[in-house]
There are 2 protein chains.
Amino acid sequence: MAELERLNRLLTEFYDKMSSWEQSVVKETDYSLAQVHTIEVLGCCGAMRMKELAEKLGVTTGTLTVQVDKLVRAGLIERRAHPQDRRAIVVVLTEEGEVIHRRHNQMHLTLVEELTRHISPEQESELIGCLEKMNREF
Amino acid sequence: MAELERLNRLLTEFYDKMSSWEQSVVKETDYSLAQVHTIEVLGCCGAMRMKELAEKLGVTTGTLTVQVDKLVRAGLIERRAHPQDRRAIVVVLTEEGEVIHRRHNQMHLTLVEELTRHISPEQESELIGCLEKMNREF
DNA sequence: TTAAATTGTTTGATACTCAAAATATAATTA
DNA sequence: TAATTATATTTTGAGTATCAAACAATTTAA
């Protein structure tokens with residue numbers, strides 16, 4: 001079906017443009033893409049253990065340990081003991097980490113505002129509905 | 001505005017899920033994410049020179065040279081002389097590269113079909129309209 | 001209590017990336 | 001035309017990210 005092909009192209013195009021936007025935004029900062037992504041997830045989802053964070057980021061815990069070391073050294077996150085499970089480490093943003101996150105999140109909001117500049121409120125509601133349905137199907 | 005924040009969350013969630021889907025799909029193959037992405041771009045946009053391909057992929061030409069070397073060795077792409085500009089190299093998929101691309105593209109189509117399972121044709125048209133508008137604003 | 005499973009870290013190897021230097025060719029200028 | 005400047009690609013050297021496997025500490029299950 002041609003409609004499906006068309007939608008596929010548009011989604012891929014959107015993904016690619018989002019990807020290069022993020023890359024160019026991150027390049028302006030002192031941190032790497034992997035580091036900013038880690039901050040983003042912690043900022044949006046809140047503190048969590050290494051295992052869970054690694055899964056959300058799509059890397060192994062070994063990889064994450066290295067990244068967390070760097071972010072701790074940079075003063076953006078902290079390691080804390082898990083209150084119940086003594087094997088586990090809970091990773092949490094520091095105040096400075098929160099600042100970085102809020103700043104980055106604001107750029108995302110500004111982008112989305114620009115992207116939807118010519119979309120009516122009714123269309124925007126439809127779009128939100130579609131995204132909710134699609135995200136549920138993954 | 002709360003609506004903007006909501007849309008931002010949904011778009012980010014979609015991006016992240018798309019990203020991990022692609023990663024898990026690529027893991028099943030013999031090729032890396034960077035390699036599959038190169039094949040995807042060549043398959044969708046057709047043959048092009050190194051400079052242009054590097055820009056579309058968001059890497060330097062130096063980085064691309066290395067990747068192209070590997071893909072040539074793997075038999076998926078070929079280097080050809082540019083008919084007018086003797087400085088330039090045109091990169092093109094081989095028959096095997098085309099097969100890989102078609103196979104990968106089919107997986108994308110299947111994914112999009114699943115994602116839109118509960119979206120009506122009317123909503124889908126709206127969605128397509130929104131994506132076109134958004135992609136234009138980047 | 002013992003055995004098995006889970007959580008996180010360390011280590012060694014590999015892949016990806018960039019910036020800068022080098023090479024070849026094209027385009028422009030004097 | 002000859003010299004200069006710009007462009008396209010490759011090569012090289014260094015840094016970063018990543019994984020798998022081995023390890024240590026702790027929890028869970030038998």
# chains A, B, ... in the order shown; residues from 1 in each chain; ligands from 1

call {"tool": "interface_residues", "arguments": {"of": "chain A", "to": "chain B", "cutoff": "6 Å", "atoms": "only C-alpha atoms", "output": "ChimeraX atom specification"}}
result
/A:14,115,127,134-135,137

call {"tool": "write_last_selection", "arguments": {"atoms": "all heavy atoms", "output": "CSV table (one decimal), in the first residue's frame"}}
result
chain,number,residue,atom,x,y,z
A,14,PHE,N,11.5,12.1,9.8
A,14,PHE,CA,11.4,12.8,11.1
A,14,PHE,C,12.5,12.3,12.0
A,14,PHE,O,13.2,13.1,12.7
A,14,PHE,CB,10.0,12.6,11.7
A,14,PHE,CG,9.9,13.2,13.0
A,14,PHE,CD1,9.5,14.6,13.1
A,14,PHE,CD2,10.0,12.5,14.2
A,14,PHE,CE1,9.4,15.2,14.4
A,14,PHE,CE2,9.9,13.1,15.4
A,14,PHE,CZ,9.6,14.4,15.5
A,115,LEU,N,8.2,23.3,15.4
A,115,LEU,CA,7.8,22.3,14.5
A,115,LEU,C,6.3,22.3,14.2
A,115,LEU,O,5.8,22.1,13.1
A,115,LEU,CB,8.2,20.9,15.0
A,115,LEU,CG,9.7,20.6,15.0
A,115,LEU,CD1,9.8,19.1,15.4
A,115,LEU,CD2,10.3,20.8,13.7
A,127,LEU,N,-2.8,14.5,16.4
A,127,LEU,CA,-1.4,14.0,16.4
A,127,LEU,C,-1.0,13.4,17.7
A,127,LEU,O,-0.4,12.3,17.7
A,127,LEU,CB,-0.5,15.2,16.1
A,127,LEU,CG,1.0,15.0,16.2
A,127,LEU,CD1,1.4,13.9,15.2
A,127,LEU,CD2,1.8,16.2,16.0
A,134,MET,N,0.5,4.8,18.7
A,134,MET,CA,1.7,4.2,18.1
A,134,MET,C,2.7,3.8,19.2
A,134,MET,O,3.2,2.7,19.2
A,134,MET,CB,2.4,5.2,17.1
A,134,MET,CG,1.6,5.4,15.9
A,134,MET,SD,2.6,6.1,14.5
A,134,MET,CE,2.9,7.7,15.1
A,135,ASN,N,2.9,4.6,20.2
A,135,ASN,CA,3.9,4.3,21.2
A,135,ASN,C,3.4,3.1,22.0
A,135,ASN,O,4.3,2.3,22.5
A,135,ASN,CB,4.0,5.5,22.2
A,135,ASN,CG,4.9,6.6,21.6
A,135,ASN,OD1,5.6,6.4,20.6
A,135,ASN,ND2,4.8,7.8,22.2
A,137,GLU,N,2.0,0.5,20.8
A,137,GLU,CA,2.2,-0.7,19.9
A,137,GLU,C,3.6,-1.2,19.9
A,137,GLU,O,3.8,-2.3,19.4
A,137,GLU,CB,1.7,-0.4,18.5
A,137,GLU,CG,0.2,-0.2,18.4
A,137,GLU,CD,-0.6,-1.4,18.9
A,137,GLU,OE1,-0.2,-2.6,18.6
A,137,GLU,OE2,-1.7,-1.2,19.5

call {"tool": "closest_atom_pairs", "arguments": {"of": "chain B", "to": "chain C", "cutoff": "8 Å", "atoms": "only C-alpha atoms (C1' of nucleotides)", "output": "JSON lines"}}
result
{"residue": "B:Val59", "atom": "CA", "partner": "C:DT17", "partner_atom": "C1'", "distance": 8.0}
{"residue": "B:Thr60", "atom": "CA", "partner": "C:DC18", "partner_atom": "C1'", "distance": 7.5}
{"residue": "B:Thr63", "atom": "CA", "partner": "C:DT17", "partner_atom": "C1'", "distance": 6.4}
{"residue": "B:Asp85", "atom": "CA", "partner": "C:DA26", "partner_atom": "C1'", "distance": 7.7}
{"residue": "B:Arg86", "atom": "CA", "partner": "C:DT25", "partner_atom": "C1'", "distance": 6.3}
{"residue": "B:Arg87", "atom": "CA", "partner": "C:DT25", "partner_atom": "C1'", "distance": 5.1}

call {"tool": "closest_atom_pairs", "arguments": {"of": "chain D", "to": "chain B", "cutoff": "12 Å", "atoms": "only C-alpha atoms (C1' of nucleotides)", "output": "tab-separated table"}}
result
residue	atom	partner	partner_atom	distance
D:DT7	C1'	B:Arg87	CA	8.3
D:DA8	C1'	B:Arg87	CA	5.4
D:DT9	C1'	B:Ala88	CA	7.1
D:DT10	C1'	B:Gly62	CA	7.1
D:DT11	C1'	B:Gly62	CA	8.4
D:DT12	C1'	B:Gly62	CA	10.3
D:DT18	C1'	B:Ser32	CA	11.9

call {"tool": "select_by_dssp", "arguments": {"residues": "chain B", "states": "strand (DSSP E)", "output": "number ranges by chain"}}
result
B: 48-49, 77-81, 89-93

call {"tool": "write_last_selection", "arguments": {"atoms": "N, CA, C and O atoms", "output": "PDB file, in the first residue's frame"}}
result
ATOM      1  N   MET B  48      25.346   8.244  -4.727  1.00  0.00           N
ATOM      2  CA  MET B  48      25.777   9.637  -4.559  1.00  0.00           C
ATOM      3  C   MET B  48      27.260   9.690  -4.219  1.00  0.00           C
ATOM      4  O   MET B  48      27.861   8.673  -3.902  1.00  0.00           O
ATOM      5  N   ARG B  49      27.821  10.881  -4.285  1.00  0.00           N
ATOM      6  CA  ARG B  49      29.247  11.023  -3.975  1.00  0.00           C
ATOM      7  C   ARG B  49      29.498  10.982  -2.473  1.00  0.00           C
ATOM      8  O   ARG B  49      28.585  11.199  -1.668  1.00  0.00           O
ATOM      9  N   ILE B  77      28.567  -2.542  -1.364  1.00  0.00           N
ATOM     10  CA  ILE B  77      28.605  -1.324  -2.176  1.00  0.00           C
ATOM     11  C   ILE B  77      29.835  -1.306  -3.073  1.00  0.00           C
ATOM     12  O   ILE B  77      30.755  -2.124  -2.918  1.00  0.00           O
ATOM     13  N   GLU B  78      29.825  -0.386  -4.020  1.00  0.00           N
ATOM     14  CA  GLU B  78      30.945  -0.220  -4.947  1.00  0.00           C
ATOM     15  C   GLU B  78      31.324   1.250  -5.064  1.00  0.00           C
ATOM     16  O   GLU B  78      30.471   2.118  -4.951  1.00  0.00           O
ATOM     17  N   ARG B  79      32.624   1.477  -5.312  1.00  0.00           N
ATOM     18  CA  ARG B  79      33.077   2.839  -5.611  1.00  0.00           C
ATOM     19  C   ARG B  79      33.166   2.967  -7.131  1.00  0.00           C
ATOM     20  O   ARG B  79      33.719   2.095  -7.797  1.00  0.00           O
ATOM     21  N   ARG B  80      32.622   4.076  -7.652  1.00  0.00           N
ATOM     22  CA  ARG B  80      32.736   4.329  -9.083  1.00  0.00           C
ATOM     23  C   ARG B  80      33.276   5.723  -9.316  1.00  0.00           C
ATOM     24  O   ARG B  80      33.108   6.604  -8.475  1.00  0.00           O
ATOM     25  N   ALA B  81      33.917   5.905 -10.456  1.00  0.00           N
ATOM     26  CA  ALA B  81      34.432   7.230 -10.797  1.00  0.00           C
ATOM     27  C   ALA B  81      33.261   8.133 -11.143  1.00  0.00           C
ATOM     28  O   ALA B  81      32.285   7.702 -11.754  1.00  0.00           O
ATOM     29  N   ILE B  89      34.175  10.461  -6.003  1.00  0.00           N
ATOM     30  CA  ILE B  89      33.846   9.039  -6.047  1.00  0.00           C
ATOM     31  C   ILE B  89      32.335   8.932  -5.871  1.00  0.00           C
ATOM     32  O   ILE B  89      31.768   9.603  -5.021  1.00  0.00           O
ATOM     33  N   VAL B  90      31.715   8.081  -6.683  1.00  0.00           N
ATOM     34  CA  VAL B  90      30.292   7.841  -6.499  1.00  0.00           C
ATOM     35  C   VAL B  90      30.124   6.472  -5.840  1.00  0.00           C
ATOM     36  O   VAL B  90      30.709   5.495  -6.287  1.00  0.00           O
ATOM     37  N   VAL B  91      29.359   6.444  -4.773  1.00  0.00           N
ATOM     38  CA  VAL B  91      29.137   5.198  -4.045  1.00  0.00           C
ATOM     39  C   VAL B  91      27.783   4.636  -4.444  1.00  0.00           C
ATOM     40  O   VAL B  91      26.790   5.363  -4.482  1.00  0.00           O
ATOM     41  N   VAL B  92      27.741   3.343  -4.755  1.00  0.00           N
ATOM     42  CA  VAL B  92      26.504   2.726  -5.238  1.00  0.00           C
ATOM     43  C   VAL B  92      26.326   1.330  -4.647  1.00  0.00           C
ATOM     44  O   VAL B  92      27.310   0.614  -4.430  1.00  0.00           O
ATOM     45  N   LEU B  93      25.096   0.946  -4.372  1.00  0.00           N
ATOM     46  CA  LEU B  93      24.810  -0.391  -3.840  1.00  0.00           C
ATOM     47  C   LEU B  93      25.066  -1.449  -4.901  1.00  0.00           C
ATOM     48  O   LEU B  93      24.752  -1.256  -6.068  1.00  0.00           O
TER      49      LEU B  93
END

call {"tool": "select_by_dssp", "arguments": {"residues": "range 28-99 of chain A", "states": "helix (DSSP H, G or I)", "output": "NGL selection string"}}
result
:A and (33-45 or 50-57 or 61-73 or 95-99)

call {"tool": "atom_distance", "arguments": {"atom1": "CA of Gly75 in chain B", "atom2": "CA of Val36 in chain B"}}
result
13.3 Å

call {"tool": "atom_distance", "arguments": {"atom1": "CA of Leu42 in chain B", "atom2": "CA of Leu33 in chain A"}}
result
25.1 Å

call {"tool": "residues_around", "arguments": {"residues": "Gly43 in chain A", "least_positions_apart": "4", "cutoff": "7 Å", "atoms": "only C-alpha atoms (C1' of nucleotides)", "output": "mmCIF file with N, CA, C and O atoms, in the first residue's frame"}}
result
data_model
loop_
_atom_site.group_PDB
_atom_site.id
_atom_site.type_symbol
_atom_site.label_atom_id
_atom_site.label_comp_id
_atom_site.auth_asym_id
_atom_site.auth_seq_id
_atom_site.Cartn_x
_atom_site.Cartn_y
_atom_site.Cartn_z
ATOM 1 N N ILE A 39 21.635 12.022 31.136
ATOM 2 C CA ILE A 39 21.038 13.107 31.930
ATOM 3 C C ILE A 39 19.545 13.245 31.612
ATOM 4 O O ILE A 39 18.707 13.390 32.509
ATOM 5 N N GLU A 98 20.513 18.743 37.361
ATOM 6 C CA GLU A 98 19.127 19.199 37.139
ATOM 7 C C GLU A 98 19.116 20.439 36.249
ATOM 8 O O GLU A 98 18.277 20.566 35.352
ATOM 9 N N HIS A 101 19.737 19.464 32.772
ATOM 10 C CA HIS A 101 18.560 18.810 32.223
ATOM 11 C C HIS A 101 17.473 19.811 31.850
ATOM 12 O O HIS A 101 16.898 19.748 30.765
#

call {"tool": "decode", "arguments": {"residues": "range 15-30 of chain D", "atoms": "all heavy atoms", "output": "compact mmCIF listing (two decimals), in the first residue's frame"}}
result
# COMPACT_ATOMS: atom_id res chain seq x y z
P DG D 15 44.98 10.93 23.08
OP1 DG D 15 45.48 12.00 23.96
OP2 DG D 15 45.43 9.53 23.28
O5' DG D 15 43.39 10.96 23.14
C5' DG D 15 42.70 12.04 22.52
C4' DG D 15 41.22 11.71 22.45
O4' DG D 15 40.99 10.74 21.41
C3' DG D 15 40.68 11.10 23.75
O3' DG D 15 39.45 11.73 24.07
C2' DG D 15 40.51 9.63 23.42
C1' DG D 15 40.22 9.67 21.92
N9 DG D 15 40.62 8.46 21.22
C8 DG D 15 41.81 7.78 21.31
N7 DG D 15 41.86 6.72 20.55
C5 DG D 15 40.62 6.68 19.93
C6 DG D 15 40.08 5.75 18.99
O6 DG D 15 40.62 4.75 18.53
N1 DG D 15 38.79 6.10 18.62
C2 DG D 15 38.10 7.19 19.08
N2 DG D 15 36.87 7.36 18.62
N3 DG D 15 38.58 8.07 19.95
C4 DG D 15 39.84 7.75 20.33
P DT D 16 38.69 11.37 25.43
OP1 DT D 16 38.18 12.63 25.99
OP2 DT D 16 39.54 10.45 26.24
O5' DT D 16 37.45 10.53 24.90
C5' DT D 16 36.68 11.04 23.81
C4' DT D 16 35.64 10.03 23.41
O4' DT D 16 36.24 8.95 22.66
C3' DT D 16 34.91 9.37 24.61
O3' DT D 16 33.52 9.51 24.39
C2' DT D 16 35.40 7.92 24.58
C1' DT D 16 35.70 7.72 23.11
N1 DT D 16 36.71 6.68 22.79
C2 DT D 16 36.40 5.74 21.83
O2 DT D 16 35.34 5.72 21.24
N3 DT D 16 37.40 4.81 21.59
C4 DT D 16 38.63 4.74 22.19
O4 DT D 16 39.43 3.87 21.88
C5 DT D 16 38.89 5.76 23.19
C7 DT D 16 40.20 5.77 23.91
C6 DT D 16 37.93 6.67 23.43
P DA D 17 32.45 8.92 25.45
OP1 DA D 17 31.30 9.85 25.46
OP2 DA D 17 33.14 8.57 26.71
O5' DA D 17 32.00 7.58 24.72
C5' DA D 17 31.82 7.58 23.32
C4' DA D 17 31.16 6.29 22.89
O4' DA D 17 32.18 5.35 22.51
C3' DA D 17 30.32 5.61 23.95
O3' DA D 17 29.16 5.08 23.32
C2' DA D 17 31.24 4.52 24.50
C1' DA D 17 32.10 4.19 23.29
N9 DA D 17 33.47 3.78 23.61
C8 DA D 17 34.31 4.36 24.51
N7 DA D 17 35.50 3.80 24.57
C5 DA D 17 35.42 2.77 23.64
C6 DA D 17 36.34 1.81 23.21
N6 DA D 17 37.58 1.70 23.69
N1 DA D 17 35.95 0.93 22.26
C2 DA D 17 34.71 1.04 21.76
N3 DA D 17 33.75 1.90 22.08
C4 DA D 17 34.18 2.76 23.03
P DT D 18 28.02 4.36 24.16
OP1 DT D 18 26.75 4.59 23.44
OP2 DT D 18 28.17 4.75 25.57
O5' DT D 18 28.37 2.82 24.01
C5' DT D 18 28.36 2.24 22.70
C4' DT D 18 29.02 0.90 22.71
O4' DT D 18 30.44 1.06 22.94
C3' DT D 18 28.59 -0.02 23.85
O3' DT D 18 27.43 -0.73 23.47
C2' DT D 18 29.79 -0.95 24.00
C1' DT D 18 30.92 -0.23 23.30
N1 DT D 18 32.13 -0.04 24.15
C2 DT D 18 33.22 -0.85 23.93
O2 DT D 18 33.23 -1.72 23.07
N3 DT D 18 34.30 -0.62 24.75
C4 DT D 18 34.39 0.33 25.75
O4 DT D 18 35.42 0.44 26.42
C5 DT D 18 33.21 1.14 25.94
C7 DT D 18 33.21 2.19 27.01
C6 DT D 18 32.15 0.92 25.14
P DC D 19 26.77 -1.81 24.45
OP1 DC D 19 25.40 -2.07 23.98
OP2 DC D 19 26.99 -1.36 25.83
O5' DC D 19 27.63 -3.13 24.21
C5' DC D 19 27.93 -3.55 22.87
C4' DC D 19 28.87 -4.74 22.92
O4' DC D 19 30.18 -4.30 23.37
C3' DC D 19 28.41 -5.82 23.89
O3' DC D 19 28.37 -7.08 23.25
C2' DC D 19 29.43 -5.80 25.02
C1' DC D 19 30.65 -5.16 24.39
N1 DC D 19 31.43 -4.32 25.34
C2 DC D 19 32.81 -4.52 25.48
O2 DC D 19 33.34 -5.41 24.79
N3 DC D 19 33.51 -3.76 26.35
C4 DC D 19 32.88 -2.80 27.05
N4 DC D 19 33.62 -2.07 27.89
C5 DC D 19 31.47 -2.58 26.93
C6 DC D 19 30.79 -3.35 26.07
P DA D 20 27.52 -8.27 23.96
OP1 DA D 20 26.59 -8.77 22.92
OP2 DA D 20 26.98 -7.78 25.25
O5' DA D 20 28.61 -9.37 24.27
C5' DA D 20 29.76 -9.51 23.44
C4' DA D 20 30.84 -10.27 24.18
O4' DA D 20 31.60 -9.34 25.01
C3' DA D 20 30.32 -11.35 25.13
O3' DA D 20 31.21 -12.46 25.05
C2' DA D 20 30.36 -10.68 26.50
C1' DA D 20 31.56 -9.75 26.37
N9 DA D 20 31.48 -8.52 27.17
C8 DA D 20 30.38 -7.76 27.42
N7 DA D 20 30.62 -6.69 28.16
C5 DA D 20 31.99 -6.76 28.40
C6 DA D 20 32.86 -5.92 29.12
N6 DA D 20 32.48 -4.80 29.75
N1 DA D 20 34.17 -6.27 29.16
C2 DA D 20 34.56 -7.38 28.52
N3 DA D 20 33.83 -8.25 27.81
C4 DA D 20 32.53 -7.87 27.79
P DA D 21 30.87 -13.84 25.81
OP1 DA D 21 31.18 -14.92 24.86
OP2 DA D 21 29.52 -13.74 26.41
O5' DA D 21 31.95 -13.84 26.97
C5' DA D 21 33.29 -13.43 26.67
C4' DA D 21 34.07 -13.30 27.96
O4' DA D 21 33.85 -11.99 28.54
C3' DA D 21 33.69 -14.32 29.04
O3' DA D 21 34.88 -14.74 29.69
C2' DA D 21 32.80 -13.51 29.96
C1' DA D 21 33.49 -12.15 29.90
N9 DA D 21 32.68 -10.99 30.28
C8 DA D 21 31.35 -10.78 30.03
N7 DA D 21 30.90 -9.63 30.49
C5 DA D 21 32.01 -9.05 31.08
C6 DA D 21 32.21 -7.83 31.74
N6 DA D 21 31.25 -6.94 31.94
N1 DA D 21 33.45 -7.55 32.20
C2 DA D 21 34.42 -8.45 32.00
N3 DA D 21 34.37 -9.63 31.39
C4 DA D 21 33.11 -9.88 30.95
P DA D 22 34.89 -15.93 30.73
OP1 DA D 22 35.83 -16.94 30.20
OP2 DA D 22 33.49 -16.30 31.05
O5' DA D 22 35.55 -15.26 32.02
C5' DA D 22 36.77 -14.52 31.87
C4' DA D 22 37.02 -13.72 33.12
O4' DA D 22 36.09 -12.60 33.17
C3' DA D 22 36.81 -14.50 34.42
O3' DA D 22 37.84 -14.14 35.34
C2' DA D 22 35.44 -14.04 34.90
C1' DA D 22 35.45 -12.59 34.44
N9 DA D 22 34.13 -11.99 34.27
C8 DA D 22 33.03 -12.52 33.64
N7 DA D 22 31.98 -11.73 33.65
C5 DA D 22 32.42 -10.60 34.32
C6 DA D 22 31.78 -9.39 34.66
N6 DA D 22 30.51 -9.12 34.35
N1 DA D 22 32.51 -8.48 35.33
C2 DA D 22 33.77 -8.76 35.64
N3 DA D 22 34.49 -9.86 35.37
C4 DA D 22 33.74 -10.74 34.71
P DC D 23 37.93 -14.83 36.77
OP1 DC D 23 39.37 -14.93 37.10
OP2 DC D 23 37.08 -16.02 36.76
O5' DC D 23 37.28 -13.75 37.74
C5' DC D 23 37.90 -12.47 37.88
C4' DC D 23 37.05 -11.60 38.78
O4' DC D 23 35.81 -11.29 38.12
C3' DC D 23 36.67 -12.23 40.12
O3' DC D 23 37.24 -11.46 41.17
C2' DC D 23 35.15 -12.18 40.15
C1' DC D 23 34.83 -11.12 39.11
N1 DC D 23 33.49 -11.23 38.46
C2 DC D 23 32.61 -10.15 38.53
O2 DC D 23 32.96 -9.13 39.12
N3 DC D 23 31.40 -10.25 37.94
C4 DC D 23 31.06 -11.37 37.31
N4 DC D 23 29.86 -11.42 36.73
C5 DC D 23 31.94 -12.50 37.23
C6 DC D 23 33.14 -12.39 37.82
P DA D 24 37.17 -12.08 42.69
OP1 DA D 24 38.52 -11.87 43.28
OP2 DA D 24 36.56 -13.43 42.66
O5' DA D 24 36.16 -11.09 43.43
C5' DA D 24 36.28 -9.68 43.22
C4' DA D 24 35.11 -8.99 43.91
O4' DA D 24 33.94 -9.09 43.07
C3' DA D 24 34.74 -9.61 45.26
O3' DA D 24 34.46 -8.56 46.17
C2' DA D 24 33.51 -10.44 44.94
C1' DA D 24 32.87 -9.67 43.79
N9 DA D 24 32.11 -10.48 42.85
C8 DA D 24 32.42 -11.72 42.37
N7 DA D 24 31.54 -12.20 41.52
C5 DA D 24 30.58 -11.19 41.46
C6 DA D 24 29.38 -11.08 40.74
N6 DA D 24 28.92 -12.04 39.91
N1 DA D 24 28.65 -9.96 40.90
C2 DA D 24 29.10 -9.02 41.74
N3 DA D 24 30.22 -9.00 42.46
C4 DA D 24 30.92 -10.13 42.27
P DA D 25 34.09 -8.88 47.73
OP1 DA D 25 34.83 -7.91 48.56
OP2 DA D 25 34.21 -10.34 47.94
O5' DA D 25 32.54 -8.52 47.80
C5' DA D 25 32.11 -7.22 47.41
C4' DA D 25 30.60 -7.20 47.38
O4' DA D 25 30.15 -8.04 46.28
C3' DA D 25 29.95 -7.76 48.65
O3' DA D 25 29.07 -6.77 49.16
C2' DA D 25 29.21 -9.01 48.19
C1' DA D 25 29.00 -8.75 46.69
N9 DA D 25 28.95 -9.94 45.85
C8 DA D 25 29.84 -10.97 45.78
N7 DA D 25 29.52 -11.91 44.92
C5 DA D 25 28.33 -11.46 44.38
C6 DA D 25 27.47 -11.99 43.41
N6 DA D 25 27.68 -13.14 42.78
N1 DA D 25 26.36 -11.29 43.10
C2 DA D 25 26.13 -10.12 43.72
N3 DA D 25 26.87 -9.51 44.67
C4 DA D 25 27.96 -10.24 44.94
P DT D 26 28.27 -7.03 50.53
OP1 DT D 26 27.99 -5.71 51.12
OP2 DT D 26 28.96 -8.11 51.28
O5' DT D 26 26.88 -7.62 50.01
C5' DT D 26 26.12 -6.84 49.09
C4' DT D 26 24.97 -7.64 48.57
O4' DT D 26 25.45 -8.76 47.80
C3' DT D 26 24.05 -8.23 49.64
O3' DT D 26 22.80 -7.57 49.53
C2' DT D 26 23.95 -9.71 49.29
C1' DT D 26 24.44 -9.74 47.84
N1 DT D 26 25.04 -11.00 47.35
C2 DT D 26 24.39 -11.69 46.36
O2 DT D 26 23.34 -11.31 45.87
N3 DT D 26 25.01 -12.84 45.94
C4 DT D 26 26.21 -13.36 46.42
O4 DT D 26 26.67 -14.40 45.96
C5 DT D 26 26.83 -12.60 47.47
C7 DT D 26 28.12 -13.07 48.06
C6 DT D 26 26.23 -11.46 47.88
P DT D 27 21.59 -7.87 50.54
OP1 DT D 27 20.85 -6.60 50.76
OP2 DT D 27 22.09 -8.68 51.67
O5' DT D 27 20.66 -8.80 49.63
C5' DT D 27 20.19 -8.31 48.37
C4' DT D 27 19.54 -9.43 47.60
O4' DT D 27 20.50 -10.47 47.33
C3' DT D 27 18.36 -10.10 48.30
O3' DT D 27 17.26 -10.04 47.41
C2' DT D 27 18.83 -11.52 48.56
C1' DT D 27 19.85 -11.72 47.43
N1 DT D 27 20.92 -12.73 47.65
C2 DT D 27 21.03 -13.79 46.79
O2 DT D 27 20.27 -13.96 45.86
N3 DT D 27 22.08 -14.64 47.04
C4 DT D 27 23.00 -14.53 48.05
O4 DT D 27 23.90 -15.36 48.18
C5 DT D 27 22.84 -13.41 48.94
C7 DT D 27 23.78 -13.21 50.08
C6 DT D 27 21.82 -12.56 48.70
P DT D 28 15.79 -10.50 47.84
OP1 DT D 28 14.81 -9.62 47.18
OP2 DT D 28 15.78 -10.66 49.31
O5' DT D 28 15.69 -11.94 47.19
C5' DT D 28 15.91 -12.08 45.78
C4' DT D 28 15.81 -13.54 45.39
O4' DT D 28 17.01 -14.25 45.80
C3' DT D 28 14.64 -14.29 46.01
O3' DT D 28 13.97 -14.97 44.95
C2' DT D 28 15.28 -15.23 47.03
C1' DT D 28 16.65 -15.47 46.40
N1 DT D 28 17.78 -15.82 47.32
C2 DT D 28 18.61 -16.85 46.99
O2 DT D 28 18.47 -17.53 45.97
N3 DT D 28 19.64 -17.07 47.86
C4 DT D 28 19.91 -16.38 49.03
O4 DT D 28 20.87 -16.68 49.74
C5 DT D 28 18.99 -15.30 49.33
C7 DT D 28 19.19 -14.50 50.56
C6 DT D 28 17.97 -15.07 48.46
P DA D 29 12.73 -15.92 45.21
OP1 DA D 29 11.80 -15.71 44.08
OP2 DA D 29 12.26 -15.74 46.60
O5' DA D 29 13.36 -17.37 45.06
C5' DA D 29 14.29 -17.62 44.01
C4' DA D 29 14.70 -19.09 44.01
O4' DA D 29 15.75 -19.30 44.99
C3' DA D 29 13.59 -20.07 44.39
O3' DA D 29 13.79 -21.25 43.63
C2' DA D 29 13.81 -20.29 45.88
C1' DA D 29 15.32 -20.21 46.00
N9 DA D 29 15.82 -19.68 47.26
C8 DA D 29 15.29 -18.69 48.03
N7 DA D 29 16.00 -18.40 49.10
C5 DA D 29 17.07 -19.29 49.02
C6 DA D 29 18.18 -19.50 49.86
N6 DA D 29 18.42 -18.80 50.97
N1 DA D 29 19.06 -20.46 49.49
C2 DA D 29 18.84 -21.14 48.38
N3 DA D 29 17.83 -21.02 47.51
C4 DA D 29 16.98 -20.08 47.91
P DA D 30 12.77 -22.46 43.73
OP1 DA D 30 12.08 -22.51 42.45
OP2 DA D 30 11.98 -22.36 44.99
O5' DA D 30 13.77 -23.69 43.84
C5' DA D 30 15.11 -23.45 44.28
C4' DA D 30 15.78 -24.75 44.65
O4' DA D 30 16.51 -24.53 45.87
C3' DA D 30 14.87 -25.94 44.95
O3' DA D 30 15.55 -27.15 44.66
C2' DA D 30 14.58 -25.80 46.43
C1' DA D 30 15.87 -25.17 46.97
N9 DA D 30 15.64 -24.17 48.01
C8 DA D 30 14.56 -23.34 48.14
N7 DA D 30 14.63 -22.54 49.17
C5 DA D 30 15.85 -22.85 49.75
C6 DA D 30 16.52 -22.34 50.88
N6 DA D 30 16.03 -21.37 51.65
N1 DA D 30 17.72 -22.87 51.19
C2 DA D 30 18.20 -23.85 50.41
N3 DA D 30 17.67 -24.39 49.31
C4 DA D 30 16.48 -23.85 49.05
